[in-house]
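Structure file coords36.cif (mmCIF, C-alpha atoms) is printed below.
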data_target
loop_
_atom_site.label_atom_id
_atom_site.label_comp_id
_atom_site.auth_asym_id
_atom_site.auth_seq_id
_atom_site.Cartn_x
_atom_site.Cartn_y
_atom_site.Cartn_z
CA MET A 1 124.23 97.37 82.51
CA ILE A 2 122.58 97.66 85.93
CA LYS A 3 125.96 97.27 87.60
CA CYS A 4 127.44 100.05 85.49
CA PHE A 5 124.55 102.31 86.44
CA LEU A 6 124.25 101.54 90.13
CA VAL A 7 127.57 100.46 91.62
CA PRO A 8 129.47 103.80 91.42
CA VAL A 9 126.54 105.64 92.96
CA ILE A 10 126.18 103.15 95.81
CA ILE A 11 129.90 103.36 96.61
CA LEU A 12 129.61 107.14 96.78
CA CYS A 13 126.60 106.85 99.08
CA PHE A 14 128.46 104.71 101.61
CA CYS A 15 131.17 107.37 101.75
CA ILE A 16 128.98 110.39 102.48
CA PHE A 17 125.81 109.30 104.31
CA ASP A 18 125.10 108.10 107.85
CA VAL A 19 123.61 104.63 108.20
CA GLU A 20 119.95 104.58 109.29
CA VAL A 21 116.88 102.55 108.38
CA ALA A 22 114.89 103.87 105.40
CA HIS A 23 111.12 103.70 105.04
CA ALA A 24 109.36 103.67 101.67
CA THR A 25 106.39 102.24 99.78
CA ALA A 26 106.07 100.34 96.52
CA SER A 27 108.22 101.43 93.58
CA THR A 28 105.54 102.22 90.99
CA HIS A 29 102.30 104.14 90.71
CA ILE A 30 100.00 102.13 88.43
CA TRP A 31 102.18 101.59 85.38
CA ALA A 32 105.21 103.86 85.51
CA PRO A 33 107.93 104.16 88.19
CA SER A 34 107.57 106.44 91.19
CA THR A 35 110.19 108.07 93.42
CA ASP A 36 109.55 105.46 96.13
CA THR A 37 111.91 102.58 96.89
CA GLN A 38 111.67 99.43 98.92
CA ALA A 39 113.01 99.71 102.49
CA PHE A 40 116.43 98.24 103.29
CA LYS A 41 116.41 94.47 103.93
CA THR A 42 112.78 94.18 102.83
CA GLY A 43 111.32 92.60 99.73
CA HIS A 44 108.32 93.29 97.56
CA VAL A 45 106.43 90.75 95.44
CA THR A 46 104.00 91.89 92.77
CA ALA A 47 101.72 89.81 90.56
CA ASP A 48 100.03 91.70 87.71
CA VAL A 49 97.77 90.79 84.81
CA TYR A 50 96.96 93.19 81.95
CA VAL A 51 93.84 92.17 80.03
CA PRO A 52 92.92 93.84 76.69
CA VAL A 53 89.36 95.16 76.83
CA GLU A 54 88.99 95.72 73.09
CA LYS A 55 90.44 94.68 69.75
CA ASP A 56 93.42 96.48 68.22
CA SER A 57 93.33 98.38 64.91
CA GLU A 58 93.77 95.15 62.96
CA GLY A 59 90.75 93.54 64.58
CA ASN A 60 92.73 91.21 66.83
CA ARG A 61 92.39 90.82 70.58
CA PRO A 62 95.95 90.66 71.99
CA ASP A 63 96.98 88.13 74.61
CA ALA A 64 96.82 89.06 78.26
CA ILE A 65 100.18 90.03 79.79
CA THR A 66 101.23 88.55 83.12
CA ASN A 67 104.03 89.96 85.23
CA THR A 68 105.50 88.58 88.46
CA GLY A 69 108.14 90.78 90.06
CA LEU A 70 110.52 90.71 93.02
CA THR A 71 112.27 93.84 94.38
CA PHE A 72 114.63 94.31 97.35
CA GLY A 73 115.78 97.40 99.24
CA ILE A 74 119.57 97.53 99.18
CA LEU A 75 120.77 100.70 100.95
CA PRO A 76 120.68 101.15 104.78
CA PHE A 77 120.33 104.94 104.76
CA LYS A 78 117.57 107.34 105.74
CA LYS A 79 118.41 110.11 103.26
CA LEU A 80 119.41 107.93 100.32
CA THR A 81 117.65 104.71 99.36
CA ALA A 82 117.95 102.18 96.57
CA GLU A 83 116.33 99.04 95.27
CA ALA A 84 116.96 96.41 92.61
CA GLY A 85 114.88 93.57 91.25
CA PHE A 86 113.49 91.73 88.28
CA ASP A 87 110.21 90.86 86.55
CA TYR A 88 109.10 87.66 84.86
CA LYS A 89 106.76 88.60 81.99
CA THR A 90 104.76 86.44 79.60
CA GLY A 91 102.19 87.07 76.87
CA TYR A 92 104.55 88.42 74.19
CA GLY A 93 104.55 85.40 71.87
CA SER A 94 108.05 84.44 70.73
CA LEU A 95 109.59 86.90 73.20
CA ASP A 96 108.35 84.70 76.05
CA GLY A 97 111.59 82.79 75.54
CA TYR A 98 113.35 85.75 77.22
CA PRO A 99 110.98 86.53 80.12
CA ILE A 100 113.39 88.19 82.60
CA TYR A 101 113.58 91.99 82.85
CA PHE A 102 115.77 93.77 85.43
CA ASN A 103 115.32 97.10 87.22
CA ALA A 104 117.17 99.37 89.68
CA LYS A 105 116.54 102.72 91.33
CA ILE A 106 118.29 105.16 93.66
CA ALA A 107 116.33 107.90 95.44
CA VAL A 108 116.30 110.69 98.01
CA PRO A 109 113.03 110.58 100.04
CA GLU A 110 110.81 113.61 100.41
CA ASP A 111 111.71 116.04 103.24
CA SER A 112 115.19 114.53 103.65
CA TYR A 113 116.78 117.99 103.77
CA GLY A 114 113.94 120.12 105.06
CA GLU A 115 110.19 120.59 104.88
CA TYR A 116 110.18 121.76 101.26
CA PHE A 117 112.66 119.25 99.86
CA PRO A 118 111.08 117.03 97.15
CA ALA A 119 111.64 113.34 96.57
CA LEU A 120 114.17 112.59 93.81
CA ALA A 121 114.86 109.39 91.90
CA LEU A 122 117.05 108.02 89.10
CA GLY A 123 116.49 104.55 87.73
CA VAL A 124 116.23 102.08 84.91
CA TYR A 125 113.66 99.36 84.24
CA ASP A 126 112.73 96.70 81.69
CA VAL A 127 116.36 95.81 81.03
CA GLY A 128 115.80 92.66 78.98
CA THR A 129 118.21 89.89 78.10
CA LYS A 130 117.78 89.74 74.29
CA HIS A 131 119.53 92.50 72.32
CA ASN A 132 117.09 94.72 70.43
CA LYS A 133 114.29 92.32 71.28
CA THR A 134 113.58 92.75 75.00
CA ASP A 135 116.20 95.29 76.14
CA TYR A 136 113.85 98.29 76.31
CA ASN A 137 116.19 99.87 78.90
CA LEU A 138 114.08 102.79 80.09
CA TYR A 139 116.25 105.25 82.05
CA TYR A 140 114.41 107.94 83.98
CA GLY A 141 114.70 110.82 86.41
CA GLU A 142 111.79 111.95 88.55
CA ILE A 143 110.81 114.49 91.21
CA ALA A 144 107.79 114.35 93.55
CA LYS A 145 106.25 116.53 96.26
CA THR A 146 103.23 116.27 98.55
CA PHE A 147 101.06 119.39 98.85
CA LYS A 148 98.20 120.54 101.04
CA MET A 149 96.01 123.65 101.25
CA LYS A 150 95.80 124.60 104.91
CA GLU A 151 94.58 121.31 106.43
CA LEU A 152 93.30 119.85 103.16
CA PRO A 153 95.69 117.25 101.64
CA LEU A 154 96.02 117.77 97.88
CA GLY A 155 98.06 114.63 97.29
CA ARG A 156 101.49 113.97 95.84
CA PHE A 157 102.46 115.21 92.38
CA SER A 158 105.29 113.61 90.37
CA LEU A 159 107.06 114.78 87.23
CA GLY A 160 109.91 113.16 85.33
CA TYR A 161 111.44 112.22 82.02
CA PHE A 162 112.46 108.89 80.49
CA TYR A 163 114.58 107.63 77.59
CA GLY A 164 114.54 104.11 76.14
CA ASN A 165 115.87 101.90 73.35
CA LYS A 166 115.19 103.69 70.05
CA LYS A 167 115.10 100.36 68.23
CA LEU A 168 112.16 99.09 70.27
CA LEU A 169 110.12 102.10 71.40
CA LEU A 170 108.31 102.85 68.12
CA ASP A 171 105.10 104.64 67.17
CA LYS A 172 102.34 103.32 64.91
CA ASN A 173 104.47 104.15 61.84
CA SER A 174 107.45 102.20 63.20
CA GLU A 175 109.31 105.48 63.78
CA LYS A 176 111.29 105.91 67.00
CA ASP A 177 109.35 107.47 69.86
CA ASN A 178 111.60 106.55 72.75
CA HIS A 179 111.43 109.42 75.22
CA GLY A 180 108.90 111.62 76.97
CA ILE A 181 107.52 112.86 80.26
CA LEU A 182 106.32 110.95 83.31
CA ALA A 183 103.58 112.60 85.38
CA ALA A 184 101.33 111.43 88.21
CA TRP A 185 98.94 112.51 90.95
CA GLU A 186 98.21 110.22 93.88
CA ARG A 187 96.38 110.52 97.19
CA THR A 188 95.27 108.38 100.12
CA MET A 189 91.57 109.10 100.64
CA THR A 190 91.74 109.64 104.39
CA GLU A 191 88.26 111.23 104.45
CA ILE A 192 86.90 107.78 103.57
CA THR A 193 89.55 105.40 104.90
CA ASP A 194 93.34 105.17 105.15
CA LYS A 195 93.14 101.94 103.17
CA LEU A 196 92.01 103.56 99.89
CA TRP A 197 94.56 105.13 97.50
CA LEU A 198 93.77 106.73 94.11
CA CYS A 199 96.09 107.67 91.25
CA VAL A 200 96.14 109.23 87.78
CA GLU A 201 99.34 109.00 85.72
CA TYR A 202 100.70 109.62 82.24
CA GLN A 203 103.69 108.37 80.23
CA GLY A 204 104.37 110.46 77.15
CA THR A 205 105.24 108.32 74.17
CA LYS A 206 103.19 106.68 71.42
CA SER A 207 105.13 103.47 71.73
CA SER A 208 103.70 100.53 73.69
CA TYR A 209 104.80 102.30 76.91
CA GLY A 210 102.74 105.43 76.32
CA THR A 211 99.53 105.47 78.36
CA PHE A 212 97.13 107.54 80.42
CA ASN A 213 96.22 105.50 83.48
CA ILE A 214 93.65 105.68 86.24
CA GLY A 215 93.40 103.36 89.20
CA GLY A 216 93.23 102.75 92.90
CA SER A 217 94.33 100.30 95.54
CA TRP A 218 92.98 98.86 98.78
CA GLN A 219 95.41 98.08 101.59
CA PHE A 220 94.29 95.05 103.59
CA ASN A 221 97.15 95.47 106.08
CA LYS A 222 100.57 97.14 106.17
CA ASP A 223 102.07 94.45 103.91
CA THR A 224 99.27 93.46 101.50
CA SER A 225 97.28 95.44 98.95
CA VAL A 226 95.37 95.00 95.69
CA LEU A 227 95.38 97.54 92.84
CA ALA A 228 92.93 97.86 89.94
CA GLY A 229 93.56 100.15 86.99
CA TYR A 230 92.79 101.00 83.37
CA GLN A 231 95.31 101.90 80.66
CA PHE A 232 94.38 104.18 77.73
CA TYR A 233 97.18 103.87 75.13
CA ASN A 234 98.41 107.04 73.44
CA ASN A 235 98.76 104.96 70.27
CA HIS A 236 95.11 104.32 69.41
CA ASN A 237 96.07 101.36 67.22
CA LEU A 238 96.76 99.44 70.44
CA ALA A 239 94.03 97.84 72.54
CA ASP A 240 93.40 99.49 75.90
CA THR A 241 93.84 97.23 78.91
CA ALA A 242 92.52 96.71 82.42
CA THR A 243 94.86 95.56 85.16
CA ILE A 244 94.65 93.87 88.53
CA GLN A 245 97.72 93.73 90.75
CA MET A 246 98.51 92.05 94.07
CA ASP A 247 101.37 93.50 96.16
CA ILE A 248 103.01 91.87 99.18
CA ASN A 249 105.85 93.25 101.30
CA PHE A 250 108.02 90.99 103.44
#
Full structure transcribed into structure tokens:
Amino acid sequence: MIKCFLVPVIILCFCIFDVEVAHATASTHIWAPSTDTQAFKTGHVTADVYVPVEKDSEGNRPDAITNTGLTFGILPFKKLTAEAGFDYKTGYGSLDGYPIYFNAKIAVPEDSYGEYFPALALGVYDVGTKHNKTDYNLYYGEIAKTFKMKELPLGRFSLGYFYGNKKLLLDKNSEKDNHGILAAWERTMTEITDKLWLCVEYQGTKSSYGTFNIGGSWQFNKDTSVLAGYQFYNNHNLADTATIQMDINF
């Protein structure tokens, strides 16, 4: 499925864009995808753990979810970038027998065609290997722009929309709830230090993907950072979680 989505676009890109090195940051905010991509010929390793901080509506405390991911930049262009990768997830009980989930994204970086040009991205993530069990297949489109008021940075605002597998993205009544908005605000707190980044984001569904998230990260150096966050589920039958994430670029 990733090949069907990505290959025709990449072929078109090689035909119409000049070859230059691209620069980008990590490919997510806290939970949901961003418009960023990994730079060409670079890799990104992430190690996440999501720990429930309360019991669910049935009085059970769910297992912690662990996620180890690897993503590579795959396009050598300045004005069009792309990445592809996979995640290894555990903590889903019987579904742990199918732990691999694929992802891919193609994007146009912010300011590629002028000062007011926004970042754009199309992608897919959580493409699982078990039909109607782990193939959540969330396709999305997103736009992002950085704003400032005179010399005061206001941060970057992102807005998008996603659509996933209607058999798996269900609400508390087991009815399909497989699409919705993506929204985020993020900012590096330069008044304090360039190492501190804060973010608020939202994913609009009452399935297990629907959350309101807050978090921040600390960048130890240009290639290593740690993120901490909290996920408030839109479906209040689910237990909210706290997350810690280590990111390494190479």
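Against this structure, the PyMOL selection byres ((chain A and resi 159-168) around 8) ends up with A:Asn132, A:Lys133, A:Asp135, A:Tyr136, A:Asn137, A:Leu138, A:Tyr139, A:Tyr140, A:Gly141, A:Glu142, A:Ile143, A:Ala144, A:Phe157, A:Ser158, A:Leu169, A:Leu170, A:Lys176, A:Asp177, A:Asn178, A:His179, A:Gly180, A:Ile181, A:Leu182, A:Ala183, A:Ala184.
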Shell of 10 Å around Tyr116 of chain A, all atoms listed in the file, local chain residues under 4 positions omitted, as a ChimeraX atom specification: /A:110-112,145-147
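Of note, atom CA of Gln219 of chain A and atom CA of Gly204 of chain A are spaced 28.8 Å apart.
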d(atom CA of Gly123 of chain A, atom CA of Ile106 of chain A) in Å: 6.2 Å
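Atom pair atom CA of Lys105 of chain A / atom CA of Asp87 of chain A has a distance of 14.3 Å (rounded to one decimal).
By chain and then residue number, the residues within 6 Å of segment 28-43 of chain A are A:Ala22, A:His23, A:Thr71, A:Phe72, A:Gly73, A:Ile74, A:Leu75, A:Pro76, A:Glu83, A:Ala121, A:Asn249, A:Phe250, counting only C-alpha atoms and disregarding those fewer than 5 positions away in sequence.
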Write to file, as a compact mmCIF listing (two decimals), in the coordinates of the input, the residues of the selection just made, with C-alpha atoms.
# COMPACT_ATOMS: atom_id res chain seq x y z
CA ALA A 22 114.89 103.87 105.40
CA HIS A 23 111.12 103.70 105.04
CA THR A 71 112.27 93.84 94.38
CA PHE A 72 114.63 94.31 97.35
CA GLY A 73 115.78 97.40 99.24
CA ILE A 74 119.57 97.53 99.18
CA LEU A 75 120.77 100.70 100.95
CA PRO A 76 120.68 101.15 104.78
CA GLU A 83 116.33 99.04 95.27
CA ALA A 121 114.86 109.39 91.90
CA ASN A 249 105.85 93.25 101.30
CA PHE A 250 108.02 90.99 103.44
Of the listed residues A:Gly114, A:Ser207, A:Leu154, A:Ala47, that which approaches Leu227 of chain A most closely, counting all atoms listed in the file: A:Ala47
Using all atoms listed in the file: which of A:Val53, A:Ile100, A:Ile65, A:Val127 has the shortest distance to Gln231 of chain A: A:Val53
Residues matched by the PyMOL selection byres ((chain A and resi 49) around 8) as a count of residues only: 11
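The residues caught by the PyMOL selection byres ((chain A and resi 97) around 12) in this file are Tyr88, Lys89, Thr90, Gly91, Tyr92, Gly93, Ser94, Leu95, Asp96, Tyr98, Pro99, Ile100, Tyr101, Gly128, Thr129, Lys130, Lys133 and Thr134 of chain A.
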Contacts of Trp185 of chain A within 7 Å, only C-alpha atoms, excl. fewer than 2 positions in-chain, as a PyMOL selection string: chain A and resi 155-158+199-201
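Residue nearest Asn213 of chain A within the list A:Ala107, A:Ala228, A:Met189, A:Met149: A:Ala228 [criterion: smallest interatomic distance, all atoms listed in the file].
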Edge lengths and centre, in Å to one decimal, as JSON: that's what I need for the box along x, y and z that holds all listed atoms of segment 213-221 of chain A plus 4 Å on each side.
{"center_x": 95.1, "center_y": 100.4, "center_z": 94.8, "size_x": 12.2, "size_y": 18.6, "size_z": 30.6}
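Distances here use only C-alpha atoms; by that measure, the residue among A:Tyr209, A:Leu198, A:Thr188, A:Thr193 closest to Asp171 of chain A is A:Tyr209.
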